[in-house]
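To keep things clear, I will list the structure first and then write my remarks on it.
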Amino acid sequence: MLKSVQYLRAIAALMVVMHHAVRATTVFDQYLPDYLLSAIKHNFSFGVDIFFVISGFVIYLSYLKKPKSAYTFAIDRLARIAPAYWVYSAIFAIVLIYFPWSHPASTFDLVHFLKSLAFIPSQNPSPYGGVAPTLTVGWTLNFEMFFYACFFFAIIIKREEIMLLTSFMMMISFFLPYSAGINTFYSSPRVFEFILGMLFASYYIKSDENISIPAYVSVPLFLAAFIAAVSSKADDFYVWIPAALTIVAIAVSTEKHMPKIKPLLAIGDGSYSLYLSHKIFICLGIIVSRTYGCDALWSVTISLVSCIALSCFSYSILEVRCSKALKSAAAR
C-alpha cells in the first residue's frame, strides 16, 4: 500500500475522531480557540470525504493491477469490511442498552440492529439519529457497500468497462423517484467521490504510476484544499468534493518524496478499527466521568488515546486474521 494513502487514512480517521469528541462533550471547548473549535465541530467530518476518494482510488487501482472475478471481489470486500463492523456494532449495542444516555443520537432496536449489520440504510429509532445504523458511523459503510455492489455487477456485465458501468449505476440513484422505494440516502453527492477516485486511479496507471508535482506547487495546493474544506460551510460539497480529490491526488503525487513515519503508518493501518471504535471509547469516557465523578477532560482524553493504541492491535487481530479466515472458508 502507498505510504501517502496510509498517511491520509490516518489523518482522515483522526479528523473524524476529533470531530465526534468535540461534538459529544464540551470538555475541550475552553482549551481551543473559537475558530479551531468551530472547524473541528462542523468541518472535520470532511475526513469521510477523503476516505471515499481513497476508496474509489484503491479499489479500482487494485483491480487494474490484479483483476479478479466478481465472486472473489465480493468475498474479499465482505471479509475485509464485515467482521470488525459486526464486532464493534455489537459492543456499541451493549453500551446503548446499559447506558443509553451516553449516546442520545442512537437507540438500540433489534430489527434496526439487524438491518445495520446487513448494511441496509434505515431510520435510527433515536429522535436525533436520522438515517443511520446502530453504530452511527456505519452510515459510511452503507455507501461503501453500495459502491462495492455497483463494482461487483460491473465486473459481471463487462469487465473492460468497469469504471464507466460502476459510475453509471451509482448515478442512477439520482434519477429514481423516491416513490420507487429507493431511499434518498444514496442520492448524496458523495457518490461522486468514489467515481473521482476511480478516475484518478485510471490516470495514475496510465502515467505508469509516475506522477510528480514540485513541492512549491504541491504543498500550497494541498494546504489550500484543506483550509478551504475546513473553513467552508458544513457539508459544502461544491468545496469538499474537489478538495478531497485534490488532497488525495497531491499526496499520491508526492509518494516518492515522503519519509517513512512508522507511527502514522501504524495509525493508517488501524484507521478502520479506529473509525469504528472511537465512539465506543468516547461513550466510555463519558460514562466513567459521570459515574465515578472523574475529570471529564482526562476521562475522554485517556479513552481516545487508548482507542488509537488499541486500533493498531485490532487491525492485526480482528481485521487481518478474521479476513484471512473468512477468505479461506469461502475458498473451500
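We label chains A, B, ... in the order they appear in the C-alpha cells, count residues from 1 in each chain, and number ligands from 1 in the order shown.
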Exercise for review: Excluding Pro83 of chain A and residues on its chain fewer than 3 positions from it, collect all residues at most 10 Å away from it, counting only C-alpha atoms, and give them as a PyMOL selection string.
Suggested key: chain A and resi 78-80+86-89+117+318-323+326
Could those selected residues go to a file with N, CA and C atoms, as a compact mmCIF listing (two decimals), in the first residue's frame?
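Output contents, as saved in selection-v8.txt:
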# COMPACT_ATOMS: atom_id res chain seq x y z
N LEU A 78 -16.31 -8.23 1.53
CA LEU A 78 -17.11 -8.59 2.71
C LEU A 78 -16.21 -9.04 3.85
N ALA A 79 -15.19 -9.84 3.53
CA ALA A 79 -14.27 -10.32 4.56
C ALA A 79 -13.47 -9.18 5.17
N ARG A 80 -13.22 -8.16 4.39
CA ARG A 80 -12.44 -7.02 4.88
C ARG A 80 -13.28 -6.08 5.74
N TRP A 86 -19.21 -5.74 12.49
CA TRP A 86 -20.16 -6.51 13.29
C TRP A 86 -19.75 -6.55 14.76
N VAL A 87 -18.47 -6.75 15.01
CA VAL A 87 -17.99 -6.82 16.40
C VAL A 87 -18.20 -5.49 17.11
N TYR A 88 -17.78 -4.39 16.48
CA TYR A 88 -17.91 -3.08 17.13
C TYR A 88 -19.37 -2.64 17.22
N SER A 89 -20.19 -3.06 16.27
CA SER A 89 -21.63 -2.75 16.36
C SER A 89 -22.25 -3.46 17.56
N LEU A 117 -26.49 -4.46 10.54
CA LEU A 117 -25.48 -5.48 10.25
C LEU A 117 -25.53 -5.92 8.79
N LEU A 318 -8.28 -8.51 14.77
CA LEU A 318 -9.68 -8.57 14.32
C LEU A 318 -9.82 -8.44 12.81
N GLU A 319 -9.07 -7.51 12.22
CA GLU A 319 -9.23 -7.28 10.79
C GLU A 319 -8.48 -8.31 9.95
N VAL A 320 -7.17 -8.39 10.13
CA VAL A 320 -6.34 -9.24 9.27
C VAL A 320 -6.68 -10.72 9.45
N ARG A 321 -6.70 -11.19 10.68
CA ARG A 321 -6.92 -12.62 10.92
C ARG A 321 -8.33 -13.07 10.56
N CYS A 322 -9.31 -12.28 10.93
CA CYS A 322 -10.70 -12.62 10.59
C CYS A 322 -10.91 -12.60 9.08
N SER A 323 -10.31 -11.63 8.42
CA SER A 323 -10.43 -11.53 6.98
C SER A 323 -9.83 -12.75 6.29
N LEU A 326 -12.11 -15.85 6.86
CA LEU A 326 -13.31 -15.84 6.03
C LEU A 326 -12.99 -16.14 4.57
Exercise for review: Write out as JSON, numbers by chain all residues of segment 117-280 of chain A that DSSP puts in alpha helix (DSSP H) for this structure's backbone.
Suggested key: {"A": [117, 139, 140, 141, 142, 143, 144, 145, 146, 147, 148, 149, 150, 151, 152, 153, 154, 155, 156, 157, 162, 163, 164, 165, 166, 167, 168, 169, 170, 171, 172, 191, 192, 193, 194, 195, 196, 197, 198, 199, 200, 201, 202, 203, 204, 205, 206, 215, 216, 217, 218, 219, 220, 221, 222, 223, 224, 225, 226, 227, 228, 229, 230, 231, 237, 238, 239, 240, 241, 242, 243, 244, 245, 246, 247, 248, 249, 250, 251, 252, 253, 262, 263, 264, 265, 266, 267, 268, 269, 271, 272, 273, 274, 275, 276, 277, 278, 279, 280]}
Would you mind listing what lies within 12 Å of Tyr128 of chain A as an mmCIF file with N, CA and C atoms, in the first residue's frame, with only C-alpha atoms counted and same-chain residues fewer than 2 positions away left out?
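Saved file out-v1.cif follows:
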data_model
loop_
_atom_site.group_PDB
_atom_site.id
_atom_site.type_symbol
_atom_site.label_atom_id
_atom_site.label_comp_id
_atom_site.auth_asym_id
_atom_site.auth_seq_id
_atom_site.Cartn_x
_atom_site.Cartn_y
_atom_site.Cartn_z
ATOM 1 N N HIS A 103 -25.060 8.161 24.557
ATOM 2 C CA HIS A 103 -25.064 8.496 23.126
ATOM 3 C C HIS A 103 -26.506 8.666 22.646
ATOM 4 N N PRO A 104 -27.093 9.843 22.868
ATOM 5 C CA PRO A 104 -28.507 10.083 22.526
ATOM 6 C C PRO A 104 -28.827 9.960 21.037
ATOM 7 N N ALA A 105 -27.812 10.029 20.169
ATOM 8 C CA ALA A 105 -28.066 10.006 18.723
ATOM 9 C C ALA A 105 -28.365 8.611 18.194
ATOM 10 N N SER A 106 -28.319 7.594 19.059
ATOM 11 C CA SER A 106 -28.641 6.238 18.623
ATOM 12 C C SER A 106 -29.393 5.508 19.725
ATOM 13 N N THR A 107 -30.354 4.691 19.314
ATOM 14 C CA THR A 107 -31.137 3.890 20.251
ATOM 15 C C THR A 107 -31.148 2.448 19.770
ATOM 16 N N GLN A 123 -34.012 4.259 9.206
ATOM 17 C CA GLN A 123 -34.154 5.316 10.200
ATOM 18 C C GLN A 123 -33.751 4.804 11.574
ATOM 19 N N ASN A 124 -32.825 5.511 12.216
ATOM 20 C CA ASN A 124 -32.442 5.148 13.574
ATOM 21 C C ASN A 124 -33.608 5.453 14.519
ATOM 22 N N PRO A 125 -33.915 4.548 15.463
ATOM 23 C CA PRO A 125 -35.035 4.776 16.389
ATOM 24 C C PRO A 125 -34.888 6.028 17.248
ATOM 25 N N SER A 126 -33.667 6.501 17.412
ATOM 26 C CA SER A 126 -33.461 7.716 18.193
ATOM 27 C C SER A 126 -34.075 8.918 17.479
ATOM 28 N N GLY A 130 -31.626 10.183 12.616
ATOM 29 C CA GLY A 130 -31.688 10.249 11.165
ATOM 30 C C GLY A 130 -31.527 8.867 10.553
ATOM 31 N N VAL A 131 -31.146 8.823 9.278
ATOM 32 C CA VAL A 131 -30.895 7.548 8.610
ATOM 33 C C VAL A 131 -29.478 7.120 8.960
ATOM 34 N N ALA A 132 -29.371 6.257 9.953
ATOM 35 C CA ALA A 132 -28.057 5.830 10.442
ATOM 36 C C ALA A 132 -28.181 4.476 11.121
ATOM 37 N N THR A 136 -23.517 4.496 14.684
ATOM 38 C CA THR A 136 -23.888 5.555 13.741
ATOM 39 C C THR A 136 -22.851 5.847 12.663
#
Dump as JSON lines the rows for residues of segment 12-129 of chain A within 7 Å of segment 193-213 of chain A: closest atom pair and distance in Å with one decimal, only C-alpha atoms counted, ordered by chain and rising residue number.
{"residue": "A:Asp49", "atom": "CA", "partner": "A:Glu193", "partner_atom": "CA", "distance": 6.9}
{"residue": "A:Phe52", "atom": "CA", "partner": "A:Phe194", "partner_atom": "CA", "distance": 5.5}
{"residue": "A:Val53", "atom": "CA", "partner": "A:Gly197", "partner_atom": "CA", "distance": 4.5}
{"residue": "A:Ile54", "atom": "CA", "partner": "A:Gly197", "partner_atom": "CA", "distance": 6.1}
{"residue": "A:Ser55", "atom": "CA", "partner": "A:Phe194", "partner_atom": "CA", "distance": 6.4}
{"residue": "A:Gly56", "atom": "CA", "partner": "A:Phe194", "partner_atom": "CA", "distance": 4.2}
{"residue": "A:Phe57", "atom": "CA", "partner": "A:Gly197", "partner_atom": "CA", "distance": 4.1}
{"residue": "A:Tyr60", "atom": "CA", "partner": "A:Met198", "partner_atom": "CA", "distance": 5.6}
{"residue": "A:Leu61", "atom": "CA", "partner": "A:Ala201", "partner_atom": "CA", "distance": 5.3}
